$ cat work_6.pdb   # PDB, C-alpha atoms, pLDDT in the B column
ATOM      1  CA  VAL A   6     -70.688  25.563  57.228  1.00 92.00           C
ATOM      2  CA  GLN A   7     -70.695  22.102  55.673  1.00 96.00           C
ATOM      3  CA  LEU A   8     -71.700  21.720  52.039  1.00 97.00           C
ATOM      4  CA  GLN A   9     -73.076  18.522  50.534  1.00 96.00           C
ATOM      5  CA  ALA A  10     -73.013  18.378  46.750  1.00 96.00           C
ATOM      6  CA  SER A  11     -74.741  15.830  44.560  1.00 95.00           C
ATOM      7  CA  GLY A  12     -75.946  15.273  41.030  1.00 96.00           C
ATOM      8  CA  GLY A  13     -72.777  14.581  39.091  1.00 95.00           C
ATOM      9  CA  GLY A  14     -72.488  11.761  36.603  1.00 97.00           C
ATOM     10  CA  SER A  15     -71.688  10.778  33.060  1.00 98.00           C
ATOM     11  CA  VAL A  16     -73.510  12.149  30.054  1.00 98.00           C
ATOM     12  CA  GLN A  17     -73.001  12.444  26.340  1.00 98.00           C
ATOM     13  CA  ALA A  18     -72.204  15.762  24.733  1.00 98.00           C
ATOM     14  CA  GLY A  19     -75.333  17.811  24.277  1.00 98.00           C
ATOM     15  CA  GLY A  20     -76.953  16.348  27.367  1.00 98.00           C
ATOM     16  CA  SER A  21     -77.927  17.917  30.661  1.00 98.00           C
ATOM     17  CA  LEU A  22     -77.169  17.516  34.352  1.00 98.00           C
ATOM     18  CA  THR A  23     -78.293  19.319  37.472  1.00 98.00           C
ATOM     19  CA  LEU A  24     -75.973  19.723  40.432  1.00 98.00           C
ATOM     20  CA  SER A  25     -77.361  20.361  43.904  1.00 98.00           C
ATOM     21  CA  CYS A  26     -75.676  21.590  47.047  1.00 98.00           C
ATOM     22  CA  GLU A  27     -77.148  21.940  50.508  1.00 97.00           C
ATOM     23  CA  ALA A  28     -75.581  23.831  53.377  1.00 96.00           C
ATOM     24  CA  SER A  29     -75.668  22.643  56.972  1.00 95.00           C
ATOM     25  CA  GLN A  30     -76.726  26.059  58.268  1.00 92.00           C
ATOM     26  CA  THR A  31     -78.269  29.219  57.017  1.00 92.00           C
ATOM     27  CA  VAL A  32     -76.353  30.906  54.215  1.00 88.00           C
ATOM     28  CA  ARG A  33     -78.735  33.706  53.461  1.00 84.00           C
ATOM     29  CA  GLY A  34     -77.677  37.325  53.642  1.00 83.00           C
ATOM     30  CA  ALA A  35     -73.922  37.159  54.167  1.00 88.00           C
ATOM     31  CA  TYR A  36     -73.018  34.411  51.715  1.00 95.00           C
ATOM     32  CA  THR A  37     -72.413  34.241  47.990  1.00 97.00           C
ATOM     33  CA  LEU A  38     -72.925  30.699  46.713  1.00 98.00           C
ATOM     34  CA  GLY A  39     -71.234  29.257  43.704  1.00 98.00           C
ATOM     35  CA  TRP A  40     -69.842  26.399  41.709  1.00 98.00           C
ATOM     36  CA  TYR A  41     -66.257  25.900  40.667  1.00 98.00           C
ATOM     37  CA  ARG A  42     -64.686  23.104  38.664  1.00 98.00           C
ATOM     38  CA  GLN A  43     -61.328  21.515  38.212  1.00 98.00           C
ATOM     39  CA  ALA A  44     -60.368  19.568  35.120  1.00 96.00           C
ATOM     40  CA  PRO A  45     -57.490  17.081  35.189  1.00 90.00           C
ATOM     41  CA  GLY A  46     -54.177  18.908  35.152  1.00 94.00           C
ATOM     42  CA  LYS A  47     -55.808  22.315  35.449  1.00 96.00           C
ATOM     43  CA  GLU A  48     -56.465  24.786  38.217  1.00 97.00           C
ATOM     44  CA  ARG A  49     -59.826  25.186  39.844  1.00 97.00           C
ATOM     45  CA  GLU A  50     -61.913  27.782  38.010  1.00 98.00           C
ATOM     46  CA  LEU A  51     -65.113  29.680  38.633  1.00 98.00           C
ATOM     47  CA  VAL A  52     -68.193  28.369  36.862  1.00 98.00           C
ATOM     48  CA  ALA A  53     -70.988  30.481  38.327  1.00 98.00           C
ATOM     49  CA  THR A  54     -71.910  32.408  41.459  1.00 98.00           C
ATOM     50  CA  VAL A  55     -75.080  33.918  42.868  1.00 98.00           C
ATOM     51  CA  THR A  56     -75.253  36.526  45.602  1.00 96.00           C
ATOM     52  CA  SER A  57     -77.810  36.572  48.370  1.00 93.00           C
ATOM     53  CA  GLY A  58     -79.667  39.200  46.368  1.00 92.00           C
ATOM     54  CA  GLY A  59     -79.777  37.007  43.279  1.00 94.00           C
ATOM     55  CA  THR A  60     -77.067  38.611  41.158  1.00 97.00           C
ATOM     56  CA  THR A  61     -75.426  35.951  39.024  1.00 98.00           C
ATOM     57  CA  ARG A  62     -72.044  35.697  37.401  1.00 98.00           C
ATOM     58  CA  TYR A  63     -70.878  33.120  34.870  1.00 98.00           C
ATOM     59  CA  ALA A  64     -67.658  32.053  33.244  1.00 98.00           C
ATOM     60  CA  ASP A  65     -67.692  33.019  29.578  1.00 98.00           C
ATOM     61  CA  SER A  66     -67.399  29.357  28.609  1.00 98.00           C
ATOM     62  CA  VAL A  67     -70.746  28.451  30.185  1.00 98.00           C
ATOM     63  CA  LYS A  68     -72.847  31.545  29.498  1.00 98.00           C
ATOM     64  CA  GLY A  69     -76.104  30.625  27.820  1.00 98.00           C
ATOM     65  CA  ARG A  70     -75.736  26.941  28.734  1.00 98.00           C
ATOM     66  CA  PHE A  71     -75.601  26.873  32.543  1.00 98.00           C
ATOM     67  CA  ALA A  72     -77.947  28.456  35.072  1.00 98.00           C
ATOM     68  CA  ILE A  73     -77.295  28.901  38.783  1.00 98.00           C
ATOM     69  CA  SER A  74     -80.063  29.365  41.318  1.00 98.00           C
ATOM     70  CA  ARG A  75     -80.456  29.384  45.079  1.00 97.00           C
ATOM     71  CA  ASP A  76     -83.154  29.036  47.680  1.00 95.00           C
ATOM     72  CA  ASN A  77     -82.297  30.839  50.884  1.00 91.00           C
ATOM     73  CA  ASN A  78     -85.061  29.079  52.783  1.00 91.00           C
ATOM     74  CA  LYS A  79     -83.582  25.699  51.903  1.00 92.00           C
ATOM     75  CA  ASN A  80     -79.954  26.836  52.182  1.00 95.00           C
ATOM     76  CA  ALA A  81     -79.384  25.292  48.785  1.00 96.00           C
ATOM     77  CA  VAL A  82     -77.869  26.141  45.426  1.00 97.00           C
ATOM     78  CA  TRP A  83     -78.282  24.412  42.081  1.00 98.00           C
ATOM     79  CA  LEU A  84     -76.457  24.412  38.793  1.00 98.00           C
ATOM     80  CA  GLN A  85     -78.476  23.469  35.738  1.00 98.00           C
ATOM     81  CA  MET A  86     -76.105  22.440  32.973  1.00 98.00           C
ATOM     82  CA  ASP A  87     -77.437  22.120  29.431  1.00 98.00           C
ATOM     83  CA  ARG A  88     -75.768  21.469  26.098  1.00 98.00           C
ATOM     84  CA  LEU A  89     -72.823  19.959  27.880  1.00 98.00           C
ATOM     85  CA  LYS A  90     -69.483  19.726  26.106  1.00 98.00           C
ATOM     86  CA  ALA A  91     -66.509  17.446  26.618  1.00 97.00           C
ATOM     87  CA  GLU A  92     -64.569  20.408  27.991  1.00 97.00           C
ATOM     88  CA  ASP A  93     -67.095  20.698  30.830  1.00 98.00           C
ATOM     89  CA  THR A  94     -65.654  17.495  32.276  1.00 98.00           C
ATOM     90  CA  GLY A  95     -64.184  17.867  35.736  1.00 98.00           C
ATOM     91  CA  VAL A  96     -64.847  17.794  39.439  1.00 98.00           C
ATOM     92  CA  TYR A  97     -67.419  20.389  40.418  1.00 98.00           C
ATOM     93  CA  TYR A  98     -67.199  22.015  43.828  1.00 98.00           C
ATOM     94  CA  CYS A  99     -69.892  23.859  45.683  1.00 98.00           C
ATOM     95  CA  ASN A 100     -68.707  27.017  47.419  1.00 98.00           C
ATOM     96  CA  ALA A 101     -70.137  29.298  50.070  1.00 97.00           C
ATOM     97  CA  ARG A 102     -68.245  32.529  50.511  1.00 96.00           C
ATOM     98  CA  ARG A 103     -68.954  34.580  53.574  1.00 95.00           C
ATOM     99  CA  THR A 104     -68.842  38.144  52.341  1.00 92.00           C
ATOM    100  CA  VAL A 105     -68.662  39.955  55.662  1.00 91.00           C
ATOM    101  CA  THR A 106     -65.684  40.073  57.981  1.00 91.00           C
ATOM    102  CA  PRO A 107     -64.199  37.610  58.489  1.00 92.00           C
ATOM    103  CA  VAL A 108     -64.327  36.521  54.850  1.00 92.00           C
ATOM    104  CA  ILE A 109     -64.309  32.711  54.755  1.00 94.00           C
ATOM    105  CA  ASN A 110     -64.624  30.221  51.923  1.00 95.00           C
ATOM    106  CA  TYR A 111     -66.354  26.923  52.537  1.00 96.00           C
ATOM    107  CA  TRP A 112     -66.093  24.041  50.062  1.00 97.00           C
ATOM    108  CA  GLY A 113     -68.114  20.940  49.394  1.00 95.00           C
ATOM    109  CA  GLN A 114     -66.515  17.586  48.681  1.00 93.00           C
ATOM    110  CA  GLY A 115     -66.763  17.776  44.886  1.00 94.00           C
ATOM    111  CA  THR A 116     -68.849  15.814  42.430  1.00 97.00           C
ATOM    112  CA  GLN A 117     -67.546  14.354  39.175  1.00 98.00           C
ATOM    113  CA  VAL A 118     -69.042  15.401  35.852  1.00 98.00           C
ATOM    114  CA  THR A 119     -67.925  13.477  32.785  1.00 98.00           C
ATOM    115  CA  VAL A 120     -69.066  14.461  29.305  1.00 98.00           C
ATOM    116  CA  SER A 121     -68.234  12.109  26.483  1.00 97.00           C
ATOM    117  CA  SER A 122     -68.050  13.325  22.912  1.00 91.00           C
TER     118      SER A 122
END

$ encode --input "work_6.pdb" --output "structure tokens"
Amino acid sequence: VQLQASGGGSVQAGGSLTLSCEASQTVRGAYTLGWYRQAPGKERELVATVTSGGTTRYADSVKGRFAISRDNNKNAVWLQMDRLKAEDTGVYYCNARRTVTPVINYWGQGTQVTVSS
């Protein structure tokens, strides 16, 4: 599975961005889709995930500000980011995790999000 992410950019604190990610093949059913981010000097961390059934999970730091969604017909996942903060700055990675054996993680190329205070 190849993942193509887009939508990053620079925005002032309090602004909004929407990240998009499209998979090269079907990811319905056996895949959980998600977004992770990596800030300079820090480890990659989970931002949000959504299962094939629509169950979502968010990092505490983004709850109430970010919303993840997916469209299984389009093999796509989005991350709507509102009320952005400087600490949201980082490279955002799209992820597709195959949840049946064999479990495999696929990663997109990353898209930069920069929030200026």

$ residues_around --input "work_6.pdb" --residues "stretch 39-56 of chain A" --least-positions-apart "4" --cutoff "8 Å" --atoms "only C-alpha atoms" --output "ChimeraX atom specification"
/A:60-64,67,72-75,82,84,94-101

$ residues_around --input "work_6.pdb" --residues "A:Gly20" --least-positions-apart "6" --cutoff "12 Å" --atoms "all atoms listed in the file" --output "list in words"
Gly14, Arg70, Phe71, Gln85, Met86, Asp87, Arg88, Leu89, Lys90, Ala91, Asp93, Val118, Thr119, Val120, Ser121 and Ser122 of chain A

$ closest_residue --input "work_6.pdb" --among "A:Ser57, A:Ala81, A:Ser66, A:Tyr36" --to "A:Val105" --atoms "all atoms listed in the file"
A:Tyr36

$ atom_distance --input "work_6.pdb" --atom1 "atom CA of A:Ser21" --atom2 "atom CA of A:Asn78"
25.8 Å

$ residues_near_point --input "work_6.pdb" --point "(-74.8, 15.0, 51.0)" --cutoff "10 Å" --atoms "all atoms listed in the file" --output "count of residues only"
12

$ atom_distance --input "work_6.pdb" --atom1 "atom CA of A:Arg102" --atom2 "atom CA of A:Lys68"
21.5 Å

$ closest_residue --input "work_6.pdb" --among "A:Leu24, A:Gly59, A:Pro107, A:Gln30" --to "A:Val6" --atoms "only C-alpha atoms"
A:Gln30

$ atom_distance --input "work_6.pdb" --atom1 "atom CA of A:Gly13" --atom2 "atom CA of A:Trp112"
16.0 Å

$ closest_residue --input "work_6.pdb" --among "A:Thr116, A:Asp76, A:Gly69, A:Arg33" --to "A:Thr104" --atoms "all atoms listed in the file"
A:Arg33

$ build_atoms --input "work_6.pdb" --residues "stretch 31-65 of chain A" --atoms "N, CA and C atoms" --output "CSV table (one decimal), keeping the file's coordinate frame"
chain,number,residue,atom,x,y,z
A,31,THR,N,-77.8,28.2,57.9
A,31,THR,CA,-78.3,29.2,57.0
A,31,THR,C,-77.1,29.9,56.3
A,32,VAL,N,-77.3,30.2,55.0
A,32,VAL,CA,-76.4,30.9,54.2
A,32,VAL,C,-77.0,32.1,53.5
A,33,ARG,N,-78.1,32.5,54.1
A,33,ARG,CA,-78.7,33.7,53.5
A,33,ARG,C,-78.0,35.0,53.9
A,34,GLY,N,-78.2,36.0,53.2
A,34,GLY,CA,-77.7,37.3,53.6
A,34,GLY,C,-76.2,37.5,53.4
A,35,ALA,N,-75.4,36.9,54.2
A,35,ALA,CA,-73.9,37.2,54.2
A,35,ALA,C,-73.1,36.2,53.3
A,36,TYR,N,-73.8,35.4,52.5
A,36,TYR,CA,-73.0,34.4,51.7
A,36,TYR,C,-73.3,34.5,50.2
A,37,THR,N,-72.3,34.5,49.4
A,37,THR,CA,-72.4,34.2,48.0
A,37,THR,C,-72.2,32.8,47.8
A,38,LEU,N,-73.0,32.1,47.0
A,38,LEU,CA,-72.9,30.7,46.7
A,38,LEU,C,-72.5,30.5,45.3
A,39,GLY,N,-71.7,29.4,45.1
A,39,GLY,CA,-71.2,29.3,43.7
A,39,GLY,C,-70.8,27.9,43.4
A,40,TRP,N,-70.4,27.7,42.2
A,40,TRP,CA,-69.8,26.4,41.7
A,40,TRP,C,-68.5,26.7,41.0
A,41,TYR,N,-67.6,25.9,41.3
A,41,TYR,CA,-66.3,25.9,40.7
A,41,TYR,C,-66.0,24.5,40.1
A,42,ARG,N,-65.0,24.4,39.2
A,42,ARG,CA,-64.7,23.1,38.7
A,42,ARG,C,-63.2,23.0,38.4
A,43,GLN,N,-62.7,21.8,38.4
A,43,GLN,CA,-61.3,21.5,38.2
A,43,GLN,C,-61.2,20.3,37.3
A,44,ALA,N,-60.6,20.6,36.1
A,44,ALA,CA,-60.4,19.6,35.1
A,44,ALA,C,-59.0,19.0,35.4
A,45,PRO,N,-58.8,17.7,35.0
A,45,PRO,CA,-57.5,17.1,35.2
A,45,PRO,C,-56.3,17.9,34.7
A,46,GLY,N,-55.4,18.2,35.5
A,46,GLY,CA,-54.2,18.9,35.2
A,46,GLY,C,-54.4,20.4,35.1
A,47,LYS,N,-55.5,20.9,35.5
A,47,LYS,CA,-55.8,22.3,35.4
A,47,LYS,C,-56.2,22.8,36.8
A,48,GLU,N,-56.1,24.2,37.0
A,48,GLU,CA,-56.5,24.8,38.2
A,48,GLU,C,-58.0,24.9,38.4
A,49,ARG,N,-58.4,25.0,39.6
A,49,ARG,CA,-59.8,25.2,39.8
A,49,ARG,C,-60.3,26.5,39.3
A,50,GLU,N,-61.4,26.6,38.6
A,50,GLU,CA,-61.9,27.8,38.0
A,50,GLU,C,-63.4,28.0,38.4
A,51,LEU,N,-63.7,29.3,38.4
A,51,LEU,CA,-65.1,29.7,38.6
A,51,LEU,C,-66.0,29.2,37.5
A,52,VAL,N,-67.2,28.7,37.9
A,52,VAL,CA,-68.2,28.4,36.9
A,52,VAL,C,-69.3,29.4,36.9
A,53,ALA,N,-69.9,29.6,38.2
A,53,ALA,CA,-71.0,30.5,38.3
A,53,ALA,C,-71.1,30.8,39.8
A,54,THR,N,-71.6,32.0,40.1
A,54,THR,CA,-71.9,32.4,41.5
A,54,THR,C,-73.2,33.2,41.5
A,55,VAL,N,-73.8,33.2,42.7
A,55,VAL,CA,-75.1,33.9,42.9
A,55,VAL,C,-75.0,34.5,44.3
A,56,THR,N,-75.3,35.8,44.3
A,56,THR,CA,-75.3,36.5,45.6
A,56,THR,C,-76.6,36.3,46.3
A,57,SER,N,-76.6,36.7,47.6
A,57,SER,CA,-77.8,36.6,48.4
A,57,SER,C,-79.0,37.4,47.8
A,58,GLY,N,-78.6,38.4,47.0
A,58,GLY,CA,-79.7,39.2,46.4
A,58,GLY,C,-80.1,38.7,45.0
A,59,GLY,N,-79.4,37.6,44.5
A,59,GLY,CA,-79.8,37.0,43.3
A,59,GLY,C,-79.0,37.4,42.1
A,60,THR,N,-77.9,38.2,42.3
A,60,THR,CA,-77.1,38.6,41.2
A,60,THR,C,-76.2,37.4,40.8
A,61,THR,N,-76.2,37.1,39.5
A,61,THR,CA,-75.4,36.0,39.0
A,61,THR,C,-74.2,36.4,38.2
A,62,ARG,N,-73.3,35.5,38.2
A,62,ARG,CA,-72.0,35.7,37.4
A,62,ARG,C,-71.7,34.4,36.8
A,63,TYR,N,-71.2,34.4,35.5
A,63,TYR,CA,-70.9,33.1,34.9
A,63,TYR,C,-69.5,33.2,34.2
A,64,ALA,N,-68.8,32.1,34.1
A,64,ALA,CA,-67.7,32.1,33.2
A,64,ALA,C,-68.1,32.2,31.8
A,65,ASP,N,-67.3,32.8,31.0
A,65,ASP,CA,-67.7,33.0,29.6
A,65,ASP,C,-68.0,31.7,28.9
